[in-house]
Amino acid sequence: MDRLFLDANILFSAAHRPGAGLLKFWKLRNVELYTSRYALEEARINLCEESQRRRLDQLAESLRFFDSASRDLPASISLPAKDIPILLAAIEARSTHLITGDLHHFGPYFGKRLAGILVLPPVDYLHLRPSSSSSG
């Protein structure tokens, strides 16, 4: 079973409008969805409308939350300070995948493993899954 850690930009995009394509993640079978309170709050701050924040709250009900532990990143990983808690929380959750749309900061790591976690943009993860793995 895949353990997907969803970055703030995934949460934001899923809540931004009804019927957003990223809602597919909430329909996948045999996955567990994780995030952190830090990522949830980052998404919430960037949503402008109350209806968007309500959608975010509804999506959050089916997520498991993990927060970053005090540890150092491996020396080979270079991330801005705001992204370090995301990766550390994904490590704490023992995620199999970090799903992020952050091309600028995480893009150099797409398709690579950081501390055992495969970093992928959402479209790549969804293309890896057989079509029978979603519930419709």
# chains A, B, ... in the order shown; residues from 1 in each chain; ligands from 1
>>> select_by_dssp(residues="chain A", states="strand (DSSP E)", output="VMD selection string")
chain A and resid 2 to 6 31 to 35 64 to 65 97 to 99 113 to 114 117 to 120
>>> write_last_selection(atoms="C-alpha atoms", output="PDB file, in the first residue's frame")
ATOM      1  CA  ASP A   2       1.353   3.396  -0.970  1.00  0.00           C
ATOM      2  CA  ARG A   3       1.679   6.035   1.710  1.00  0.00           C
ATOM      3  CA  LEU A   4       1.316   9.398  -0.046  1.00  0.00           C
ATOM      4  CA  PHE A   5       2.436  12.595   1.613  1.00  0.00           C
ATOM      5  CA  LEU A   6       0.621  15.542   0.023  1.00  0.00           C
ATOM      6  CA  VAL A  31      -3.337   4.297  -0.561  1.00  0.00           C
ATOM      7  CA  GLU A  32      -3.050   6.198   2.668  1.00  0.00           C
ATOM      8  CA  LEU A  33      -3.016   9.993   2.411  1.00  0.00           C
ATOM      9  CA  TYR A  34      -0.777  11.980   4.743  1.00  0.00           C
ATOM     10  CA  THR A  35       0.142  15.591   5.231  1.00  0.00           C
ATOM     11  CA  ARG A  64      -3.525  11.452   8.569  1.00  0.00           C
ATOM     12  CA  PHE A  65      -1.279  14.137  10.019  1.00  0.00           C
ATOM     13  CA  HIS A  97       5.875   9.011  -1.977  1.00  0.00           C
ATOM     14  CA  LEU A  98       6.005  12.784  -1.616  1.00  0.00           C
ATOM     15  CA  ILE A  99       3.464  14.264  -4.033  1.00  0.00           C
ATOM     16  CA  ARG A 113      14.270   9.057  -3.633  1.00  0.00           C
ATOM     17  CA  LEU A 114      14.962  11.367  -0.724  1.00  0.00           C
ATOM     18  CA  ILE A 117      10.685   8.614  -0.361  1.00  0.00           C
ATOM     19  CA  LEU A 118       9.988   8.844  -4.083  1.00  0.00           C
ATOM     20  CA  VAL A 119       9.321  12.488  -5.015  1.00  0.00           C
ATOM     21  CA  LEU A 120       6.793  12.877  -7.819  1.00  0.00           C
TER      22      LEU A 120
END
>>> residues_around(residues="A:Ile77", least_positions_apart="2", cutoff="9 Å", atoms="only C-alpha atoms", output="ChimeraX atom specification")
/A:73-75,79,109,114
>>> closest_residue(among="A:Ala14, A:Met1, A:Leu40, A:Leu63", to="A:Pro122", atoms="only C-alpha atoms")
A:Ala14
>>> atom_distance(atom1="atom CA of A:Lys27", atom2="atom CA of A:Ile91")
23.6 Å
>>> residues_around(residues="stretch 80-83 of chain A", least_positions_apart="2", cutoff="12 Å", atoms="only C-alpha atoms", output="PDB file with N, CA and C atoms, in the first residue's frame")
ATOM      1  N   ASP A   7       1.887  17.547  -0.387  1.00  0.00           N
ATOM      2  CA  ASP A   7       2.435  18.865  -0.110  1.00  0.00           C
ATOM      3  C   ASP A   7       1.299  19.892  -0.084  1.00  0.00           C
ATOM      4  N   ALA A   8       1.579  21.067   0.458  1.00  0.00           N
ATOM      5  CA  ALA A   8       0.576  22.127   0.577  1.00  0.00           C
ATOM      6  C   ALA A   8      -0.021  22.515  -0.762  1.00  0.00           C
ATOM      7  N   ASN A   9       0.786  22.522  -1.822  1.00  0.00           N
ATOM      8  CA  ASN A   9       0.259  22.939  -3.121  1.00  0.00           C
ATOM      9  C   ASN A   9      -0.748  21.932  -3.665  1.00  0.00           C
ATOM     10  N   SER A  36       0.856  17.317   6.756  1.00  0.00           N
ATOM     11  CA  SER A  36       1.213  17.864   8.065  1.00  0.00           C
ATOM     12  C   SER A  36       0.332  19.070   8.358  1.00  0.00           C
ATOM     13  N   TYR A  38       1.453  21.836   9.194  1.00  0.00           N
ATOM     14  CA  TYR A  38       2.206  22.907   8.526  1.00  0.00           C
ATOM     15  C   TYR A  38       1.730  23.063   7.079  1.00  0.00           C
ATOM     16  N   ALA A  39       1.641  21.958   6.340  1.00  0.00           N
ATOM     17  CA  ALA A  39       1.189  22.000   4.941  1.00  0.00           C
ATOM     18  C   ALA A  39      -0.271  22.443   4.861  1.00  0.00           C
ATOM     19  N   GLU A  42      -0.430  26.163   5.400  1.00  0.00           N
ATOM     20  CA  GLU A  42       0.082  26.874   4.230  1.00  0.00           C
ATOM     21  C   GLU A  42      -0.981  26.920   3.127  1.00  0.00           C
ATOM     22  N   SER A  68       6.922  17.355  11.392  1.00  0.00           N
ATOM     23  CA  SER A  68       8.356  17.106  11.246  1.00  0.00           C
ATOM     24  C   SER A  68       9.005  16.890  12.601  1.00  0.00           C
ATOM     25  N   ASP A  72      18.263  16.324  11.024  1.00  0.00           N
ATOM     26  CA  ASP A  72      18.921  17.020   9.928  1.00  0.00           C
ATOM     27  C   ASP A  72      18.628  16.301   8.628  1.00  0.00           C
ATOM     28  N   LEU A  73      18.549  17.083   7.570  1.00  0.00           N
ATOM     29  CA  LEU A  73      18.422  16.497   6.241  1.00  0.00           C
ATOM     30  C   LEU A  73      19.765  15.903   5.836  1.00  0.00           C
ATOM     31  N   ILE A  77      20.800  16.841   0.170  1.00  0.00           N
ATOM     32  CA  ILE A  77      19.496  17.447  -0.108  1.00  0.00           C
ATOM     33  C   ILE A  77      19.559  18.933   0.216  1.00  0.00           C
ATOM     34  N   SER A  78      19.201  19.746  -0.761  1.00  0.00           N
ATOM     35  CA  SER A  78      19.209  21.190  -0.581  1.00  0.00           C
ATOM     36  C   SER A  78      17.805  21.726  -0.843  1.00  0.00           C
ATOM     37  N   PRO A  85      10.346  21.418   6.516  1.00  0.00           N
ATOM     38  CA  PRO A  85       9.339  20.731   7.342  1.00  0.00           C
ATOM     39  C   PRO A  85       8.456  19.772   6.552  1.00  0.00           C
ATOM     40  N   ILE A  86       8.255  20.036   5.266  1.00  0.00           N
ATOM     41  CA  ILE A  86       7.452  19.137   4.432  1.00  0.00           C
ATOM     42  C   ILE A  86       8.168  17.797   4.298  1.00  0.00           C
ATOM     43  N   LEU A  87       9.430  17.837   3.907  1.00  0.00           N
ATOM     44  CA  LEU A  87      10.179  16.595   3.733  1.00  0.00           C
ATOM     45  C   LEU A  87      10.351  15.868   5.063  1.00  0.00           C
ATOM     46  N   LEU A  88      10.638  16.606   6.128  1.00  0.00           N
ATOM     47  CA  LEU A  88      10.817  15.954   7.437  1.00  0.00           C
ATOM     48  C   LEU A  88       9.527  15.299   7.922  1.00  0.00           C
ATOM     49  N   ALA A  89       8.389  15.919   7.656  1.00  0.00           N
ATOM     50  CA  ALA A  89       7.109  15.306   8.041  1.00  0.00           C
ATOM     51  C   ALA A  89       6.844  14.062   7.195  1.00  0.00           C
ATOM     52  N   ALA A  90       7.192  14.106   5.915  1.00  0.00           N
ATOM     53  CA  ALA A  90       7.023  12.930   5.047  1.00  0.00           C
ATOM     54  C   ALA A  90       7.900  11.780   5.545  1.00  0.00           C
ATOM     55  N   LEU A  98       6.307  11.385  -1.898  1.00  0.00           N
ATOM     56  CA  LEU A  98       6.005  12.784  -1.616  1.00  0.00           C
ATOM     57  C   LEU A  98       5.421  13.343  -2.910  1.00  0.00           C
ATOM     58  N   THR A 100       4.088  16.428  -4.895  1.00  0.00           N
ATOM     59  CA  THR A 100       4.205  17.881  -4.868  1.00  0.00           C
ATOM     60  C   THR A 100       4.198  18.443  -6.274  1.00  0.00           C
ATOM     61  N   ASP A 102       5.591  21.432  -6.623  1.00  0.00           N
ATOM     62  CA  ASP A 102       6.626  22.451  -6.462  1.00  0.00           C
ATOM     63  C   ASP A 102       7.815  22.137  -7.372  1.00  0.00           C
ATOM     64  N   HIS A 104       9.892  24.233  -8.717  1.00  0.00           N
ATOM     65  CA  HIS A 104      11.077  25.047  -8.449  1.00  0.00           C
ATOM     66  C   HIS A 104      11.993  24.422  -7.396  1.00  0.00           C
ATOM     67  N   HIS A 105      11.413  24.011  -6.264  1.00  0.00           N
ATOM     68  CA  HIS A 105      12.248  23.502  -5.168  1.00  0.00           C
ATOM     69  C   HIS A 105      12.403  21.985  -5.164  1.00  0.00           C
ATOM     70  N   PHE A 106      11.311  21.261  -5.448  1.00  0.00           N
ATOM     71  CA  PHE A 106      11.386  19.800  -5.437  1.00  0.00           C
ATOM     72  C   PHE A 106      11.638  19.214  -6.825  1.00  0.00           C
TER      73      PHE A 106
END
>>> select_by_dssp(residues="chain A", states="helix (DSSP H, G or I)", output="PyMOL selection string")
chain A and resi 8-16+21-27+37-46+50-60+84-92+107-109+122-128+131-133
>>> atom_distance(atom1="atom CA of A:Ile84", atom2="atom CA of A:Ala43")
16.0 Å
>>> atom_distance(atom1="atom CA of A:Leu47", atom2="atom CA of A:Leu11")
10.1 Å
>>> decode(residues="stretch 41-57 of chain A", atoms="all heavy atoms", output="PDB file, in the first residue's frame")
ATOM      1  N   GLU A  41      -1.916  24.352   6.929  1.00  0.00           N
ATOM      2  CA  GLU A  41      -2.014  25.781   7.218  1.00  0.00           C
ATOM      3  C   GLU A  41      -1.488  26.618   6.054  1.00  0.00           C
ATOM      4  O   GLU A  41      -2.063  27.663   5.719  1.00  0.00           O
ATOM      5  CB  GLU A  41      -1.257  26.129   8.505  1.00  0.00           C
ATOM      6  CG  GLU A  41      -1.470  27.548   8.974  1.00  0.00           C
ATOM      7  CD  GLU A  41      -2.942  27.912   9.203  1.00  0.00           C
ATOM      8  OE1 GLU A  41      -3.782  27.041   9.482  1.00  0.00           O
ATOM      9  OE2 GLU A  41      -3.263  29.118   9.080  1.00  0.00           O
ATOM     10  N   GLU A  42      -0.430  26.163   5.400  1.00  0.00           N
ATOM     11  CA  GLU A  42       0.082  26.874   4.230  1.00  0.00           C
ATOM     12  C   GLU A  42      -0.981  26.920   3.127  1.00  0.00           C
ATOM     13  O   GLU A  42      -1.188  27.950   2.491  1.00  0.00           O
ATOM     14  CB  GLU A  42       1.360  26.207   3.718  1.00  0.00           C
ATOM     15  CG  GLU A  42       2.004  26.947   2.564  1.00  0.00           C
ATOM     16  CD  GLU A  42       3.286  26.308   2.087  1.00  0.00           C
ATOM     17  OE1 GLU A  42       3.959  25.598   2.851  1.00  0.00           O
ATOM     18  OE2 GLU A  42       3.614  26.526   0.902  1.00  0.00           O
ATOM     19  N   ALA A  43      -1.653  25.800   2.902  1.00  0.00           N
ATOM     20  CA  ALA A  43      -2.722  25.767   1.900  1.00  0.00           C
ATOM     21  C   ALA A  43      -3.856  26.702   2.312  1.00  0.00           C
ATOM     22  O   ALA A  43      -4.363  27.475   1.487  1.00  0.00           O
ATOM     23  CB  ALA A  43      -3.235  24.339   1.720  1.00  0.00           C
ATOM     24  N   ARG A  44      -4.242  26.655   3.570  1.00  0.00           N
ATOM     25  CA  ARG A  44      -5.361  27.468   4.067  1.00  0.00           C
ATOM     26  C   ARG A  44      -5.074  28.965   3.889  1.00  0.00           C
ATOM     27  O   ARG A  44      -5.931  29.727   3.447  1.00  0.00           O
ATOM     28  CB  ARG A  44      -5.620  27.172   5.541  1.00  0.00           C
ATOM     29  CG  ARG A  44      -6.785  27.957   6.126  1.00  0.00           C
ATOM     30  CD  ARG A  44      -7.016  27.664   7.596  1.00  0.00           C
ATOM     31  NE  ARG A  44      -7.030  26.258   7.916  1.00  0.00           N
ATOM     32  CZ  ARG A  44      -8.009  25.393   7.620  1.00  0.00           C
ATOM     33  NH1 ARG A  44      -9.068  25.818   6.964  1.00  0.00           N
ATOM     34  NH2 ARG A  44      -7.921  24.134   7.958  1.00  0.00           N
ATOM     35  N   ILE A  45      -3.870  29.389   4.212  1.00  0.00           N
ATOM     36  CA  ILE A  45      -3.503  30.805   4.109  1.00  0.00           C
ATOM     37  C   ILE A  45      -3.639  31.301   2.672  1.00  0.00           C
ATOM     38  O   ILE A  45      -4.014  32.448   2.433  1.00  0.00           O
ATOM     39  CB  ILE A  45      -2.056  31.004   4.620  1.00  0.00           C
ATOM     40  CG1 ILE A  45      -2.023  30.878   6.141  1.00  0.00           C
ATOM     41  CG2 ILE A  45      -1.474  32.342   4.178  1.00  0.00           C
ATOM     42  CD1 ILE A  45      -0.619  30.794   6.718  1.00  0.00           C
ATOM     43  N   ASN A  46      -3.346  30.444   1.718  1.00  0.00           N
ATOM     44  CA  ASN A  46      -3.350  30.852   0.312  1.00  0.00           C
ATOM     45  C   ASN A  46      -4.715  30.750  -0.362  1.00  0.00           C
ATOM     46  O   ASN A  46      -4.876  31.218  -1.486  1.00  0.00           O
ATOM     47  CB  ASN A  46      -2.305  30.052  -0.459  1.00  0.00           C
ATOM     48  CG  ASN A  46      -0.913  30.494  -0.076  1.00  0.00           C
ATOM     49  OD1 ASN A  46      -0.547  31.637  -0.274  1.00  0.00           O
ATOM     50  ND2 ASN A  46      -0.149  29.601   0.514  1.00  0.00           N
ATOM     51  N   LEU A  47      -5.685  30.132   0.305  1.00  0.00           N
ATOM     52  CA  LEU A  47      -7.043  30.073  -0.243  1.00  0.00           C
ATOM     53  C   LEU A  47      -7.778  31.355   0.127  1.00  0.00           C
ATOM     54  O   LEU A  47      -7.756  31.781   1.286  1.00  0.00           O
ATOM     55  CB  LEU A  47      -7.784  28.846   0.288  1.00  0.00           C
ATOM     56  CG  LEU A  47      -7.272  27.510  -0.231  1.00  0.00           C
ATOM     57  CD1 LEU A  47      -7.858  26.357   0.569  1.00  0.00           C
ATOM     58  CD2 LEU A  47      -7.563  27.352  -1.725  1.00  0.00           C
ATOM     59  N   CYS A  48      -8.421  31.976  -0.843  1.00  0.00           N
ATOM     60  CA  CYS A  48      -9.039  33.292  -0.632  1.00  0.00           C
ATOM     61  C   CYS A  48     -10.481  33.226  -0.153  1.00  0.00           C
ATOM     62  O   CYS A  48     -10.920  34.097   0.587  1.00  0.00           O
ATOM     63  CB  CYS A  48      -8.993  34.096  -1.929  1.00  0.00           C
ATOM     64  SG  CYS A  48      -7.330  34.406  -2.511  1.00  0.00           S
ATOM     65  N   GLU A  49     -11.210  32.214  -0.591  1.00  0.00           N
ATOM     66  CA  GLU A  49     -12.645  32.176  -0.326  1.00  0.00           C
ATOM     67  C   GLU A  49     -12.987  31.194   0.786  1.00  0.00           C
ATOM     68  O   GLU A  49     -12.356  30.149   0.926  1.00  0.00           O
ATOM     69  CB  GLU A  49     -13.393  31.779  -1.603  1.00  0.00           C
ATOM     70  CG  GLU A  49     -13.179  32.755  -2.743  1.00  0.00           C
ATOM     71  CD  GLU A  49     -13.772  32.273  -4.047  1.00  0.00           C
ATOM     72  OE1 GLU A  49     -14.570  31.305  -4.035  1.00  0.00           O
ATOM     73  OE2 GLU A  49     -13.423  32.860  -5.087  1.00  0.00           O
ATOM     74  N   GLU A  50     -14.025  31.533   1.532  1.00  0.00           N
ATOM     75  CA  GLU A  50     -14.476  30.662   2.622  1.00  0.00           C
ATOM     76  C   GLU A  50     -14.911  29.296   2.090  1.00  0.00           C
ATOM     77  O   GLU A  50     -14.671  28.273   2.727  1.00  0.00           O
ATOM     78  CB  GLU A  50     -15.605  31.333   3.406  1.00  0.00           C
ATOM     79  CG  GLU A  50     -16.004  30.570   4.649  1.00  0.00           C
ATOM     80  CD  GLU A  50     -14.847  30.329   5.624  1.00  0.00           C
ATOM     81  OE1 GLU A  50     -13.965  31.203   5.749  1.00  0.00           O
ATOM     82  OE2 GLU A  50     -14.823  29.244   6.250  1.00  0.00           O
ATOM     83  N   SER A  51     -15.529  29.254   0.910  1.00  0.00           N
ATOM     84  CA  SER A  51     -15.961  27.972   0.331  1.00  0.00           C
ATOM     85  C   SER A  51     -14.753  27.083   0.041  1.00  0.00           C
ATOM     86  O   SER A  51     -14.834  25.860   0.202  1.00  0.00           O
ATOM     87  CB  SER A  51     -16.768  28.191  -0.944  1.00  0.00           C
ATOM     88  OG  SER A  51     -15.980  28.849  -1.926  1.00  0.00           O
ATOM     89  N   GLN A  52     -13.642  27.672  -0.349  1.00  0.00           N
ATOM     90  CA  GLN A  52     -12.420  26.909  -0.593  1.00  0.00           C
ATOM     91  C   GLN A  52     -11.871  26.340   0.717  1.00  0.00           C
ATOM     92  O   GLN A  52     -11.440  25.187   0.776  1.00  0.00           O
ATOM     93  CB  GLN A  52     -11.354  27.790  -1.253  1.00  0.00           C
ATOM     94  CG  GLN A  52     -11.744  28.274  -2.623  1.00  0.00           C
ATOM     95  CD  GLN A  52     -10.821  29.347  -3.153  1.00  0.00           C
ATOM     96  OE1 GLN A  52     -10.277  30.152  -2.387  1.00  0.00           O
ATOM     97  NE2 GLN A  52     -10.645  29.378  -4.465  1.00  0.00           N
ATOM     98  N   ARG A  53     -11.911  27.145   1.754  1.00  0.00           N
ATOM     99  CA  ARG A  53     -11.421  26.687   3.068  1.00  0.00           C
ATOM    100  C   ARG A  53     -12.301  25.556   3.611  1.00  0.00           C
ATOM    101  O   ARG A  53     -11.808  24.627   4.236  1.00  0.00           O
ATOM    102  CB  ARG A  53     -11.360  27.855   4.040  1.00  0.00           C
ATOM    103  CG  ARG A  53     -10.272  28.849   3.688  1.00  0.00           C
ATOM    104  CD  ARG A  53     -10.109  29.928   4.753  1.00  0.00           C
ATOM    105  NE  ARG A  53      -9.314  31.003   4.217  1.00  0.00           N
ATOM    106  CZ  ARG A  53      -9.796  32.184   3.816  1.00  0.00           C
ATOM    107  NH1 ARG A  53     -11.091  32.447   3.920  1.00  0.00           N
ATOM    108  NH2 ARG A  53      -9.004  33.095   3.328  1.00  0.00           N
ATOM    109  N   ARG A  54     -13.607  25.636   3.349  1.00  0.00           N
ATOM    110  CA  ARG A  54     -14.499  24.549   3.773  1.00  0.00           C
ATOM    111  C   ARG A  54     -14.165  23.269   3.012  1.00  0.00           C
ATOM    112  O   ARG A  54     -14.154  22.182   3.593  1.00  0.00           O
ATOM    113  CB  ARG A  54     -15.968  24.936   3.556  1.00  0.00           C
ATOM    114  CG  ARG A  54     -16.530  25.824   4.654  1.00  0.00           C
ATOM    115  CD  ARG A  54     -18.042  25.921   4.601  1.00  0.00           C
ATOM    116  NE  ARG A  54     -18.558  26.398   3.326  1.00  0.00           N
ATOM    117  CZ  ARG A  54     -18.715  27.677   3.006  1.00  0.00           C
ATOM    118  NH1 ARG A  54     -18.400  28.621   3.860  1.00  0.00           N
ATOM    119  NH2 ARG A  54     -19.206  28.012   1.817  1.00  0.00           N
ATOM    120  N   ARG A  55     -13.896  23.381   1.703  1.00  0.00           N
ATOM    121  CA  ARG A  55     -13.502  22.194   0.933  1.00  0.00           C
ATOM    122  C   ARG A  55     -12.207  21.618   1.489  1.00  0.00           C
ATOM    123  O   ARG A  55     -12.064  20.407   1.619  1.00  0.00           O
ATOM    124  CB  ARG A  55     -13.346  22.534  -0.553  1.00  0.00           C
ATOM    125  CG  ARG A  55     -14.659  22.585  -1.296  1.00  0.00           C
ATOM    126  CD  ARG A  55     -14.479  22.580  -2.807  1.00  0.00           C
ATOM    127  NE  ARG A  55     -13.828  23.781  -3.310  1.00  0.00           N
ATOM    128  CZ  ARG A  55     -14.459  24.922  -3.589  1.00  0.00           C
ATOM    129  NH1 ARG A  55     -15.764  25.031  -3.397  1.00  0.00           N
ATOM    130  NH2 ARG A  55     -13.798  25.957  -4.068  1.00  0.00           N
ATOM    131  N   LEU A  56     -11.270  22.491   1.842  1.00  0.00           N
ATOM    132  CA  LEU A  56     -10.013  22.023   2.425  1.00  0.00           C
ATOM    133  C   LEU A  56     -10.271  21.268   3.726  1.00  0.00           C
ATOM    134  O   LEU A  56      -9.702  20.189   3.951  1.00  0.00           O
ATOM    135  CB  LEU A  56      -9.064  23.204   2.658  1.00  0.00           C
ATOM    136  CG  LEU A  56      -7.703  22.856   3.248  1.00  0.00           C
ATOM    137  CD1 LEU A  56      -6.899  21.971   2.307  1.00  0.00           C
ATOM    138  CD2 LEU A  56      -6.933  24.136   3.580  1.00  0.00           C
ATOM    139  N   ASP A  57     -11.121  21.816   4.574  1.00  0.00           N
ATOM    140  CA  ASP A  57     -11.448  21.138   5.835  1.00  0.00           C
ATOM    141  C   ASP A  57     -12.073  19.770   5.586  1.00  0.00           C
ATOM    142  O   ASP A  57     -11.767  18.800   6.291  1.00  0.00           O
ATOM    143  CB  ASP A  57     -12.402  21.995   6.677  1.00  0.00           C
ATOM    144  CG  ASP A  57     -11.727  23.237   7.229  1.00  0.00           C
ATOM    145  OD1 ASP A  57     -10.481  23.280   7.307  1.00  0.00           O
ATOM    146  OD2 ASP A  57     -12.464  24.196   7.578  1.00  0.00           O
TER     147      ASP A  57
END
